[in-house]
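Engineer: Provided below: upload-v7.cif, containing mmCIF, C-alpha atoms.
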```cif
data_model
loop_
_atom_site.label_atom_id
_atom_site.label_comp_id
_atom_site.auth_asym_id
_atom_site.auth_seq_id
_atom_site.Cartn_x
_atom_site.Cartn_y
_atom_site.Cartn_z
CA MET F 1 149.72 137.49 61.03
CA PRO F 2 151.46 134.47 62.58
CA GLY F 3 149.91 131.04 62.15
CA ILE F 4 147.79 129.16 64.63
CA ALA F 5 150.71 127.18 66.07
CA GLU F 6 152.74 130.33 66.73
CA ILE F 7 149.78 132.05 68.40
CA VAL F 8 149.05 129.09 70.68
CA LEU F 9 152.72 128.59 71.57
CA GLU F 10 153.26 132.30 72.25
CA ASN F 11 150.25 132.26 74.58
CA ILE F 12 151.86 129.39 76.49
CA PHE F 13 155.28 131.09 76.55
CA GLN F 14 153.97 134.54 77.48
CA ARG F 15 151.57 133.45 80.21
CA ARG F 16 152.79 134.54 83.60
CA SER F 17 151.54 134.64 87.15
CA VAL F 18 149.66 137.91 87.71
CA ARG F 19 149.36 139.14 91.29
CA ASP F 20 148.41 142.80 90.78
CA PHE F 21 144.91 143.58 89.62
CA ASN F 22 142.69 146.61 89.18
CA SER F 23 139.18 146.50 90.61
CA ARG F 24 137.32 145.61 87.40
CA ILE F 25 135.30 142.41 87.70
CA PRO F 26 135.47 139.93 84.79
CA ASP F 27 131.93 139.35 83.58
CA ARG F 28 130.19 136.02 83.83
CA SER F 29 130.62 135.21 80.13
CA MET F 30 134.41 135.57 80.47
CA LEU F 31 134.48 133.39 83.58
CA THR F 32 132.31 130.82 81.80
CA LEU F 33 134.86 130.66 78.97
CA LEU F 34 137.59 129.96 81.52
CA LEU F 35 135.48 127.17 82.99
CA LYS F 36 134.76 125.76 79.55
CA ALA F 37 138.54 125.67 79.00
CA ALA F 38 138.96 123.93 82.37
CA MET F 39 136.44 121.24 81.46
CA ALA F 40 138.20 120.64 78.12
CA ALA F 41 141.18 119.24 80.03
CA PRO F 42 141.94 115.55 79.79
CA SER F 43 141.09 113.34 82.75
CA ALA F 44 141.90 109.77 83.73
CA ARG F 45 139.44 107.46 81.93
CA ASN F 46 137.67 110.65 80.81
CA ARG F 47 135.85 110.77 84.12
CA GLN F 48 135.91 114.56 84.43
CA PRO F 49 135.84 114.37 88.22
CA TRP F 50 135.70 118.13 88.74
CA ALA F 51 133.45 120.92 89.92
CA PHE F 52 134.09 124.63 90.15
CA VAL F 53 133.06 127.56 92.27
CA ALA F 54 133.37 130.97 90.60
CA ILE F 55 133.32 133.93 92.97
CA THR F 56 132.97 137.66 92.34
CA GLU F 57 131.36 138.86 95.57
CA ARG F 58 133.75 141.10 97.45
CA GLY F 59 132.81 139.77 100.88
CA THR F 60 133.41 136.17 99.91
CA MET F 61 136.72 137.02 98.22
CA ASP F 62 137.89 138.84 101.36
CA SER F 63 136.78 135.98 103.63
CA LEU F 64 138.69 133.50 101.50
CA ALA F 65 141.83 135.65 101.54
CA HIS F 66 141.58 136.09 105.28
CA GLY F 67 142.31 132.44 106.03
CA LEU F 68 144.76 131.55 103.27
CA PRO F 69 148.51 132.11 102.93
CA PHE F 70 149.98 133.48 99.68
CA THR F 71 146.62 134.83 98.52
CA LYS F 72 146.60 138.53 99.31
CA MET F 73 145.86 138.86 95.56
CA LEU F 74 142.28 137.88 96.44
CA TYR F 75 141.81 141.27 98.10
CA GLN F 76 142.43 142.94 94.73
CA ALA F 77 141.30 140.51 92.07
CA GLY F 78 137.80 140.88 90.63
CA ALA F 79 137.08 137.16 90.72
CA ALA F 80 138.37 133.78 91.74
CA ILE F 81 137.83 130.22 90.60
CA VAL F 82 138.11 127.28 92.96
CA THR F 83 138.73 123.99 91.15
CA CYS F 84 137.54 120.99 93.12
CA GLY F 85 137.51 117.22 92.82
CA ASP F 86 134.12 115.63 93.33
CA SER F 87 134.56 112.20 94.86
CA SER F 88 130.95 111.30 94.11
CA ILE F 89 132.05 111.14 90.44
CA GLU F 90 135.06 109.01 91.44
CA ILE F 91 133.22 105.73 91.32
CA GLN F 92 135.97 103.60 89.79
CA PRO F 93 138.62 103.03 92.42
CA ASP F 94 141.38 102.40 89.87
CA ALA F 95 141.49 106.04 88.81
CA ALA F 96 140.41 107.64 92.07
CA ASP F 97 143.95 108.55 93.02
CA LEU F 98 144.35 110.61 89.83
CA TRP F 99 141.66 113.24 90.47
CA TYR F 100 144.22 115.85 91.54
CA GLN F 101 146.15 115.37 88.28
CA ASP F 102 142.92 116.01 86.35
CA ALA F 103 142.26 119.07 88.51
CA ALA F 104 145.79 120.33 87.82
CA ALA F 105 145.29 120.05 84.05
CA ALA F 106 141.99 121.93 84.40
CA THR F 107 143.71 124.65 86.44
CA GLU F 108 146.44 125.09 83.82
CA ASN F 109 143.77 125.49 81.12
CA ILE F 110 142.15 128.26 83.19
CA LEU F 111 145.47 130.13 83.36
CA LEU F 112 146.11 129.81 79.62
CA ALA F 113 142.57 130.84 78.68
CA ALA F 114 142.76 133.82 81.04
CA HIS F 115 145.97 135.02 79.43
CA ALA F 116 144.45 134.70 75.96
CA LEU F 117 141.46 136.81 77.06
CA GLY F 118 143.65 139.59 78.45
CA LEU F 119 143.01 138.58 82.04
CA GLY F 120 145.59 137.84 84.68
CA ALA F 121 145.56 134.85 86.98
CA VAL F 122 147.75 132.93 89.40
CA TRP F 123 147.58 129.37 90.73
CA SER F 124 147.42 128.95 94.50
CA ALA F 125 147.47 125.43 95.90
CA LEU F 126 144.79 124.30 98.34
CA PHE F 127 145.36 120.51 98.10
CA PRO F 128 146.99 118.78 99.93
CA TYR F 129 146.89 121.33 102.77
CA GLU F 130 144.09 120.50 105.22
CA ASP F 131 144.07 123.94 106.80
CA ARG F 132 143.61 125.72 103.45
CA SER F 133 141.03 123.20 102.20
CA GLY F 134 139.08 123.40 105.42
CA HIS F 135 138.90 127.19 105.30
CA VAL F 136 137.67 127.22 101.70
CA ARG F 137 135.21 124.42 102.42
CA LYS F 138 133.69 126.43 105.25
CA ILE F 139 133.44 129.75 103.39
CA LEU F 140 132.00 128.23 100.20
CA GLY F 141 129.78 125.61 101.85
CA LEU F 142 131.37 122.67 100.06
CA PRO F 143 129.85 119.28 100.87
CA GLY F 144 132.07 116.50 102.18
CA HIS F 145 132.51 114.79 98.81
CA VAL F 146 133.93 117.94 97.22
CA ASN F 147 137.65 118.52 97.69
CA PRO F 148 139.08 121.94 96.91
CA PHE F 149 142.24 121.63 94.82
CA SER F 150 143.30 125.13 93.76
CA ILE F 151 142.16 128.73 93.95
CA VAL F 152 142.91 131.02 91.03
CA PRO F 153 142.38 134.76 91.53
CA VAL F 154 141.35 136.20 88.14
CA GLY F 155 141.13 139.80 87.08
CA TYR F 156 142.46 142.61 84.97
CA PRO F 157 146.22 143.05 85.39
CA ALA F 158 147.31 146.33 86.98
CA GLY F 159 151.06 145.88 86.84
CA ASP F 160 153.66 144.99 84.29
CA ASP F 161 154.45 141.45 85.29
CA LEU F 162 156.76 140.13 82.59
CA PRO F 163 156.94 136.55 81.40
CA LYS F 164 160.01 134.63 82.50
CA ASP F 165 162.02 132.62 80.01
CA LYS F 166 162.19 129.32 81.84
CA PHE F 167 163.52 127.17 79.01
CA LYS F 168 166.46 125.12 80.26
CA PRO F 169 167.84 122.82 77.56
CA GLU F 170 169.83 120.91 80.19
CA ARG F 171 166.56 119.60 81.59
CA ILE F 172 166.01 117.63 78.36
CA HIS F 173 167.49 114.16 78.08
CA TRP F 174 167.38 112.59 74.64
CA GLU F 175 166.56 108.88 74.39
CA ARG F 176 167.56 108.10 77.99
CA TRP F 177 168.96 109.83 81.10
CA MET U 1 140.80 135.26 60.60
CA PRO U 2 139.68 134.90 64.21
CA GLY U 3 141.51 136.79 66.95
CA ILE U 4 144.17 135.49 69.26
CA ALA U 5 141.75 134.63 72.06
CA GLU U 6 139.53 132.57 69.76
CA ILE U 7 142.52 130.69 68.34
CA VAL U 8 143.91 129.83 71.77
CA LEU U 9 140.51 128.83 73.15
CA GLU U 10 139.69 126.70 70.11
CA ASN U 11 143.01 124.91 70.52
CA ILE U 12 142.05 124.10 74.12
CA PHE U 13 138.52 123.02 73.13
CA GLN U 14 139.59 120.95 70.11
CA ARG U 15 142.51 119.14 71.74
CA ARG U 16 141.73 115.48 72.21
CA SER U 17 143.54 112.34 73.24
CA VAL U 18 145.11 110.75 70.15
CA ARG U 19 145.84 107.03 70.32
CA ASP U 20 146.31 106.16 66.61
CA PHE U 21 149.47 107.29 64.91
CA ASN U 22 151.27 106.75 61.63
CA SER U 23 154.95 105.85 61.71
CA ARG U 24 156.35 109.33 61.02
CA ILE U 25 158.71 110.53 63.74
CA PRO U 26 158.35 114.14 64.93
CA ASP U 27 161.68 115.86 64.45
CA ARG U 28 163.78 117.12 67.30
CA SER U 29 162.85 120.77 66.73
CA MET U 30 159.15 119.92 67.14
CA LEU U 31 159.83 117.94 70.31
CA THR U 32 161.93 120.79 71.65
CA LEU U 33 158.99 123.17 71.14
CA LEU U 34 156.80 120.82 73.17
CA LEU U 35 159.42 120.80 75.93
CA LYS U 36 159.72 124.56 75.83
CA ALA U 37 155.93 124.69 76.32
CA ALA U 38 156.25 122.25 79.22
CA MET U 39 158.86 124.42 80.92
CA ALA U 40 156.66 127.50 80.53
CA ALA U 41 154.18 126.00 82.99
CA PRO U 42 153.81 127.58 86.41
CA SER U 43 155.37 125.83 89.39
CA ALA U 44 155.11 126.24 93.14
CA ARG U 45 157.47 129.05 94.20
CA ASN U 46 158.68 129.02 90.57
CA ARG U 47 161.01 126.17 91.39
CA GLN U 48 160.58 124.35 88.05
CA PRO U 49 161.28 120.97 89.64
CA TRP U 50 161.11 119.05 86.38
CA ALA U 51 163.20 117.13 83.90
CA PHE U 52 162.20 115.39 80.69
CA VAL U 53 163.24 112.40 78.65
CA ALA U 54 162.31 112.57 74.95
CA ILE U 55 162.42 109.25 73.12
CA THR U 56 162.25 108.41 69.42
CA GLU U 57 164.23 105.15 69.26
CA ARG U 58 161.95 102.30 68.30
CA GLY U 59 163.58 99.79 70.63
CA THR U 60 163.20 102.02 73.67
CA MET U 61 159.59 102.85 72.80
CA ASP U 62 158.76 99.16 72.50
CA SER U 63 160.52 98.33 75.77
CA LEU U 64 158.57 101.05 77.55
CA ALA U 65 155.27 99.83 76.10
CA HIS U 66 156.05 96.26 77.06
CA GLY U 67 155.87 96.93 80.80
CA LEU U 68 153.12 99.53 80.99
CA PRO U 69 149.33 99.23 80.95
CA PHE U 70 147.22 101.52 78.74
CA THR U 71 150.17 102.39 76.52
CA LYS U 72 149.92 100.22 73.42
CA MET U 73 150.00 103.60 71.59
CA LEU U 74 153.75 103.56 72.25
CA TYR U 75 154.14 100.75 69.68
CA GLN U 76 152.79 103.12 66.99
CA ALA U 77 153.74 106.64 68.05
CA GLY U 78 156.91 108.18 66.62
CA ALA U 79 158.02 109.64 69.93
CA ALA U 80 157.29 109.90 73.61
CA ILE U 81 157.99 112.39 76.36
CA VAL U 82 158.42 111.35 79.97
CA THR U 83 157.88 114.22 82.41
CA CYS U 84 159.69 113.73 85.70
CA GLY U 85 160.08 115.48 89.00
CA ASP U 86 163.66 116.01 90.10
CA SER U 87 163.84 115.92 93.88
CA SER U 88 167.36 117.35 93.83
CA ILE U 89 165.70 120.64 92.78
CA GLU U 90 163.15 120.24 95.59
CA ILE U 91 165.29 121.85 98.24
CA GLN U 92 162.57 123.76 100.08
CA PRO U 93 160.48 121.28 101.99
CA ASP U 94 157.41 123.55 102.09
CA ALA U 95 156.76 123.09 98.38
CA ALA U 96 158.15 119.58 97.97
CA ASP U 97 154.72 118.02 98.08
CA LEU U 98 153.60 120.05 95.06
CA TRP U 99 156.05 118.75 92.44
CA TYR U 100 153.44 116.47 90.86
CA GLN U 101 151.08 119.44 90.42
CA ASP U 102 153.85 121.29 88.59
CA ALA U 103 154.51 118.20 86.48
CA ALA U 104 150.81 117.95 85.64
CA ALA U 105 150.73 121.57 84.41
CA ALA U 106 153.82 120.86 82.29
CA THR U 107 152.17 117.74 80.84
CA GLU U 108 149.02 119.67 79.91
CA ASN U 109 151.16 122.27 78.12
CA ILE U 110 152.79 119.47 76.08
CA LEU U 111 149.36 118.24 74.97
CA LEU U 112 148.17 121.70 73.98
CA ALA U 113 151.37 122.53 72.10
CA ALA U 114 151.25 119.19 70.28
CA HIS U 115 147.71 119.84 69.12
CA ALA U 116 148.68 123.30 67.87
CA LEU U 117 151.55 121.79 65.87
CA GLY U 118 149.33 119.19 64.20
CA LEU U 119 150.65 116.39 66.37
CA GLY U 120 148.63 114.00 68.44
CA ALA U 121 149.34 113.05 72.03
CA VAL U 122 147.79 111.36 75.03
CA TRP U 123 148.53 111.56 78.75
CA SER U 124 149.36 108.29 80.51
CA ALA U 125 149.92 108.38 84.26
CA LEU U 126 153.07 106.89 85.78
CA PHE U 127 152.88 108.52 89.22
CA PRO U 128 151.74 107.35 91.78
CA TYR U 129 152.05 103.76 90.50
CA GLU U 130 155.27 102.18 91.69
CA ASP U 131 155.18 99.37 89.12
CA ARG U 132 154.90 101.79 86.19
CA SER U 133 157.49 104.19 87.62
CA GLY U 134 159.92 101.37 88.32
CA HIS U 135 159.65 100.01 84.78
CA VAL U 136 160.27 103.43 83.21
CA ARG U 137 163.10 104.15 85.65
CA LYS U 138 164.84 100.93 84.63
CA ILE U 139 164.42 101.36 80.85
CA LEU U 140 165.49 105.02 80.83
CA GLY U 141 168.21 104.78 83.47
CA LEU U 142 166.67 107.39 85.74
CA PRO U 143 168.67 108.16 88.89
CA GLY U 144 167.01 107.80 92.27
CA HIS U 145 166.22 111.50 92.65
CA VAL U 146 164.22 111.58 89.41
CA ASN U 147 160.58 110.51 89.67
CA PRO U 148 158.69 109.72 86.48
CA PHE U 149 155.28 111.42 86.49
CA SER U 150 153.69 110.91 83.07
CA ILE U 151 154.46 109.44 79.68
CA VAL U 152 153.01 111.13 76.60
CA PRO U 153 153.20 109.28 73.28
CA VAL U 154 153.52 111.92 70.54
CA GLY U 155 153.19 111.49 66.81
CA TYR U 156 151.23 112.19 63.68
CA PRO U 157 147.57 111.22 64.03
CA ALA U 158 146.41 108.39 61.79
CA GLY U 159 142.76 108.29 62.77
CA ASP U 160 139.89 110.68 63.04
CA ASP U 161 139.66 111.07 66.78
CA LEU U 162 137.12 113.80 67.36
CA PRO U 163 137.12 116.27 70.21
CA LYS U 164 134.49 115.70 72.88
CA ASP U 165 132.33 118.55 74.10
CA LYS U 166 132.81 118.12 77.83
CA PHE U 167 131.28 121.41 78.97
CA LYS U 168 128.80 120.76 81.78
CA PRO U 169 127.27 123.99 83.10
CA GLU U 170 125.94 122.09 86.14
CA ARG U 171 129.51 121.71 87.34
CA ILE U 172 129.73 125.47 87.84
CA HIS U 173 128.60 126.92 91.15
CA TRP U 174 128.34 130.69 91.27
CA GLU U 175 129.49 132.48 94.43
CA ARG U 176 129.17 129.39 96.65
CA TRP U 177 128.12 125.72 96.47
#
```
Can you present the structure in this file as structure tokens?
Structural biologist:
Amino acid sequence: MPGIAEIVLENIFQRRSVRDFNSRIPDRSMLTLLLKAAMAAPSARNRQPWAFVAITERGTMDSLAHGLPFTKMLYQAGAAIVTCGDSSIEIQPDAADLWYQDAAAATENILLAAHALGLGAVWSALFPYEDRSGHVRKILGLPGHVNPFSIVPVGYPAGDDLPKDKFKPERIHWERW
Amino acid sequence: MPGIAEIVLENIFQRRSVRDFNSRIPDRSMLTLLLKAAMAAPSARNRQPWAFVAITERGTMDSLAHGLPFTKMLYQAGAAIVTCGDSSIEIQPDAADLWYQDAAAATENILLAAHALGLGAVWSALFPYEDRSGHVRKILGLPGHVNPFSIVPVGYPAGDDLPKDKFKPERIHWERW
């Protein structure tokens, strides 16, 4: 059995974007684990300026897909998680412009946790696109202080998406450029 | 021994920001693993618009710390990684405004990989602050097309920083807001 470091690193290396799903719906305990992973992300000044909508209802999933580009996966996936920034938590102006970085770290944790649990997932951007945000806001009934950042379809992989080896040593500069 | 999912999830839950380091310098193979984890992050249209500077030289670390707020950890840490966006890779305008989301996912992977390897790390924002970016650009000799996004001091933890339990079930909305 490999050690903890190898297992964690392999999970990071092997994670891939999954766009083909069977119809099985992840249960609420699995989705809660993904959200617990999301909320374990770091945030500027530890303000945790996030909120999440987890969706499994077929009608809502289809309505979301209907108004979004690049998200036909929502028609297949059993669930989706929308990560949002909540500007009512953003009370200190000096970190307010970092909420989307916090939301990005939370989204990455969802993807890594999903892969570890045998689920597939893929990150679709909502922010900073007003048309996408507005559509999601309307379908999910988000109040004005809640800003949708990403939508991640989650489900059981149907295909054989393979991880890509994206390591490029030439992108590393030692000590300075 | 717990299963793979438990190990990966515990690594996400137990990761914490480390700000106290001893003077030991992580070796280049460890830093390369962190950078391999960074490059395994997802990116918009899989464009991987990132580049990294890894620093271990004391003089450079001190110079960086000298002009940045919230980064006195750089005086102690053995190393640091600056994650950048490279706009010369950003050739498709439709995804150009997502480079910082890709860089955020890469930064989160660095933190998680560091924790798995027994290293400590903490995310400090450079983007979107022109003063911080400009200072780092000058010290590291970054060309104009390279935009510093985050600086992560990395080293061996000296203190007993404990993980926070940040799970807040009230931040989860099921099916709609």
Engineer: I'd like the interatomic distance between CA of Val136 (chain F) and CA of Ile81 (chain F), to a tenth of an Å.
Structural biologist: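 Separating CA of Val136 (chain F) from CA of Ile81 (chain F) is a distance of 11.5 Å.
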Engineer: Starting from the shown file, work through the PyMOL selection byres ((chain F and resi 6) around 12) and note down what comes out as a compact mmCIF listing (two decimals) with C-alpha atoms, in the frame of the given file.
Structural biologist:
```txt
# COMPACT_ATOMS: atom_id res chain seq x y z
CA MET F 1 149.72 137.49 61.03
CA PRO F 2 151.46 134.47 62.58
CA GLY F 3 149.91 131.04 62.15
CA ILE F 4 147.79 129.16 64.63
CA ALA F 5 150.71 127.18 66.07
CA ILE F 7 149.78 132.05 68.40
CA VAL F 8 149.05 129.09 70.68
CA LEU F 9 152.72 128.59 71.57
CA GLU F 10 153.26 132.30 72.25
CA ASN F 11 150.25 132.26 74.58
CA ILE F 12 151.86 129.39 76.49
CA PHE F 13 155.28 131.09 76.55
CA GLN F 14 153.97 134.54 77.48
CA ILE U 4 144.17 135.49 69.26
CA ILE U 7 142.52 130.69 68.34
CA VAL U 8 143.91 129.83 71.77
CA ASN U 11 143.01 124.91 70.52
CA LEU U 33 158.99 123.17 71.14
CA ALA U 37 155.93 124.69 76.32
CA ALA U 113 151.37 122.53 72.10
CA ALA U 114 151.25 119.19 70.28
CA HIS U 115 147.71 119.84 69.12
CA ALA U 116 148.68 123.30 67.87
CA LEU U 117 151.55 121.79 65.87
CA GLY U 118 149.33 119.19 64.20
```
Engineer: Report as JSON, numbers by chain the residues that result from applying the PyMOL selection byres ((chain F) within 7 of (chain U)) to the structure here.
Structural biologist: {"F": [4, 5, 7, 8, 9, 12, 13, 36, 37, 39, 40, 51, 52, 53, 54, 55, 56, 57, 101, 104, 105, 108, 113, 116, 117, 140, 141, 142, 166, 167, 171, 172, 173, 174, 175, 176, 177]}
Engineer: Can you superpose chain F onto chain U by least squares over all C-alpha atoms paired in order and give the moved copy as a short mmCIF file (atom, residue, chain, number, x, y, z; two decimals) with C-alpha atoms, keeping the file's coordinate frame?
Structural biologist:
```cif
data_model
loop_
_atom_site.label_atom_id
_atom_site.label_comp_id
_atom_site.auth_asym_id
_atom_site.auth_seq_id
_atom_site.Cartn_x
_atom_site.Cartn_y
_atom_site.Cartn_z
CA MET F 1 140.80 135.29 60.61
CA PRO F 2 139.67 134.87 64.23
CA GLY F 3 141.49 136.77 66.95
CA ILE F 4 144.17 135.47 69.25
CA ALA F 5 141.75 134.61 72.07
CA GLU F 6 139.53 132.56 69.76
CA ILE F 7 142.51 130.68 68.34
CA VAL F 8 143.91 129.83 71.77
CA LEU F 9 140.51 128.82 73.15
CA GLU F 10 139.69 126.69 70.10
CA ASN F 11 143.03 124.90 70.52
CA ILE F 12 142.06 124.10 74.12
CA PHE F 13 138.53 123.02 73.14
CA GLN F 14 139.60 120.96 70.12
CA ARG F 15 142.51 119.14 71.75
CA ARG F 16 141.74 115.49 72.21
CA SER F 17 143.53 112.34 73.24
CA VAL F 18 145.11 110.75 70.16
CA ARG F 19 145.85 107.03 70.32
CA ASP F 20 146.31 106.16 66.63
CA PHE F 21 149.47 107.29 64.92
CA ASN F 22 151.26 106.75 61.63
CA SER F 23 154.94 105.86 61.70
CA ARG F 24 156.34 109.34 61.02
CA ILE F 25 158.72 110.54 63.73
CA PRO F 26 158.35 114.15 64.94
CA ASP F 27 161.69 115.86 64.44
CA ARG F 28 163.79 117.12 67.30
CA SER F 29 162.86 120.78 66.73
CA MET F 30 159.16 119.92 67.14
CA LEU F 31 159.83 117.92 70.30
CA THR F 32 161.94 120.79 71.64
CA LEU F 33 159.00 123.16 71.14
CA LEU F 34 156.81 120.81 73.17
CA LEU F 35 159.42 120.79 75.93
CA LYS F 36 159.72 124.56 75.82
CA ALA F 37 155.93 124.69 76.30
CA ALA F 38 156.25 122.25 79.22
CA MET F 39 158.87 124.41 80.93
CA ALA F 40 156.66 127.51 80.52
CA ALA F 41 154.20 125.99 82.99
CA PRO F 42 153.81 127.57 86.40
CA SER F 43 155.36 125.82 89.38
CA ALA F 44 155.11 126.24 93.14
CA ARG F 45 157.48 129.05 94.18
CA ASN F 46 158.69 129.02 90.57
CA ARG F 47 161.00 126.14 91.40
CA GLN F 48 160.58 124.37 88.06
CA PRO F 49 161.28 120.98 89.63
CA TRP F 50 161.10 119.05 86.37
CA ALA F 51 163.20 117.12 83.89
CA PHE F 52 162.21 115.39 80.69
CA VAL F 53 163.25 112.42 78.64
CA ALA F 54 162.31 112.57 74.95
CA ILE F 55 162.42 109.25 73.12
CA THR F 56 162.26 108.41 69.42
CA GLU F 57 164.23 105.16 69.27
CA ARG F 58 161.95 102.31 68.31
CA GLY F 59 163.57 99.79 70.65
CA THR F 60 163.21 102.02 73.68
CA MET F 61 159.60 102.88 72.80
CA ASP F 62 158.76 99.17 72.50
CA SER F 63 160.52 98.34 75.78
CA LEU F 64 158.57 101.05 77.56
CA ALA F 65 155.27 99.84 76.11
CA HIS F 66 156.07 96.27 77.07
CA GLY F 67 155.86 96.94 80.80
CA LEU F 68 153.11 99.55 80.98
CA PRO F 69 149.32 99.23 80.94
CA PHE F 70 147.20 101.51 78.72
CA THR F 71 150.17 102.40 76.51
CA LYS F 72 149.92 100.23 73.42
CA MET F 73 150.01 103.61 71.60
CA LEU F 74 153.76 103.57 72.25
CA TYR F 75 154.13 100.78 69.69
CA GLN F 76 152.80 103.14 67.01
CA ALA F 77 153.74 106.64 68.06
CA GLY F 78 156.90 108.19 66.62
CA ALA F 79 158.02 109.64 69.94
CA ALA F 80 157.28 109.89 73.61
CA ILE F 81 158.01 112.39 76.36
CA VAL F 82 158.43 111.35 79.97
CA THR F 83 157.89 114.23 82.40
CA CYS F 84 159.69 113.73 85.68
CA GLY F 85 160.08 115.48 89.01
CA ASP F 86 163.66 116.00 90.11
CA SER F 87 163.84 115.90 93.88
CA SER F 88 167.36 117.33 93.85
CA ILE F 89 165.70 120.63 92.80
CA GLU F 90 163.14 120.22 95.61
CA ILE F 91 165.28 121.81 98.26
CA GLN F 92 162.56 123.75 100.08
CA PRO F 93 160.45 121.29 102.01
CA ASP F 94 157.40 123.57 102.08
CA ALA F 95 156.73 123.10 98.38
CA ALA F 96 158.14 119.61 97.95
CA ASP F 97 154.72 118.01 98.05
CA LEU F 98 153.59 120.07 95.04
CA TRP F 99 156.05 118.75 92.44
CA TYR F 100 153.44 116.47 90.87
CA GLN F 101 151.07 119.43 90.40
CA ASP F 102 153.86 121.29 88.58
CA ALA F 103 154.52 118.19 86.48
CA ALA F 104 150.81 117.95 85.64
CA ALA F 105 150.73 121.56 84.41
CA ALA F 106 153.82 120.85 82.29
CA THR F 107 152.17 117.74 80.84
CA GLU F 108 149.02 119.67 79.90
CA ASN F 109 151.16 122.27 78.10
CA ILE F 110 152.79 119.46 76.08
CA LEU F 111 149.36 118.22 74.97
CA LEU F 112 148.16 121.70 73.97
CA ALA F 113 151.37 122.53 72.11
CA ALA F 114 151.25 119.19 70.30
CA HIS F 115 147.71 119.84 69.12
CA ALA F 116 148.68 123.30 67.87
CA LEU F 117 151.56 121.79 65.87
CA GLY F 118 149.34 119.20 64.20
CA LEU F 119 150.65 116.38 66.36
CA GLY F 120 148.63 113.98 68.44
CA ALA F 121 149.35 113.05 72.02
CA VAL F 122 147.79 111.36 75.03
CA TRP F 123 148.56 111.56 78.75
CA SER F 124 149.37 108.29 80.51
CA ALA F 125 149.92 108.39 84.26
CA LEU F 126 153.07 106.89 85.77
CA PHE F 127 152.87 108.53 89.24
CA PRO F 128 151.76 107.36 91.76
CA TYR F 129 152.04 103.78 90.47
CA GLU F 130 155.27 102.16 91.70
CA ASP F 131 155.17 99.37 89.14
CA ARG F 132 154.89 101.79 86.19
CA SER F 133 157.49 104.19 87.61
CA GLY F 134 159.90 101.38 88.31
CA HIS F 135 159.66 100.03 84.77
CA VAL F 136 160.28 103.44 83.21
CA ARG F 137 163.11 104.14 85.64
CA LYS F 138 164.84 100.93 84.61
CA ILE F 139 164.43 101.36 80.84
CA LEU F 140 165.49 105.02 80.81
CA GLY F 141 168.22 104.78 83.46
CA LEU F 142 166.68 107.39 85.74
CA PRO F 143 168.67 108.14 88.89
CA GLY F 144 167.00 107.80 92.28
CA HIS F 145 166.21 111.50 92.66
CA VAL F 146 164.22 111.57 89.42
CA ASN F 147 160.59 110.51 89.66
CA PRO F 148 158.69 109.73 86.47
CA PHE F 149 155.29 111.42 86.49
CA SER F 150 153.70 110.91 83.07
CA ILE F 151 154.46 109.45 79.66
CA VAL F 152 153.01 111.14 76.60
CA PRO F 153 153.21 109.27 73.29
CA VAL F 154 153.52 111.92 70.54
CA GLY F 155 153.18 111.50 66.82
CA TYR F 156 151.23 112.19 63.68
CA PRO F 157 147.56 111.23 64.04
CA ALA F 158 146.40 108.37 61.81
CA GLY F 159 142.75 108.27 62.77
CA ASP F 160 139.88 110.67 63.06
CA ASP F 161 139.65 111.06 66.79
CA LEU F 162 137.09 113.80 67.36
CA PRO F 163 137.10 116.27 70.22
CA LYS F 164 134.47 115.68 72.88
CA ASP F 165 132.31 118.53 74.11
CA LYS F 166 132.80 118.13 77.84
CA PHE F 167 131.27 121.42 78.96
CA LYS F 168 128.80 120.76 81.78
CA PRO F 169 127.26 123.98 83.09
CA GLU F 170 125.94 122.11 86.14
CA ARG F 171 129.51 121.70 87.33
CA ILE F 172 129.74 125.48 87.84
CA HIS F 173 128.62 126.94 91.15
CA TRP F 174 128.34 130.71 91.28
CA GLU F 175 129.50 132.48 94.45
CA ARG F 176 129.18 129.38 96.66
CA TRP F 177 128.13 125.72 96.46
#
```
Engineer: Can you work out which one of U:Leu126, U:Ala77, U:Met30, U:Ala65 has the shortest atom-to-atom distance to Gly155 (chain U), counting all atoms listed in the file?
Structural biologist: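 Counting all atoms listed in the file, the residue closest to Gly155 (chain U) is U:Ala77.
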Engineer: Rounded to one decimal in Å, what is the spacing between CA of Asn22 (chain F) and CA of Asp160 (chain F)?
Structural biologist: 12.1 Å
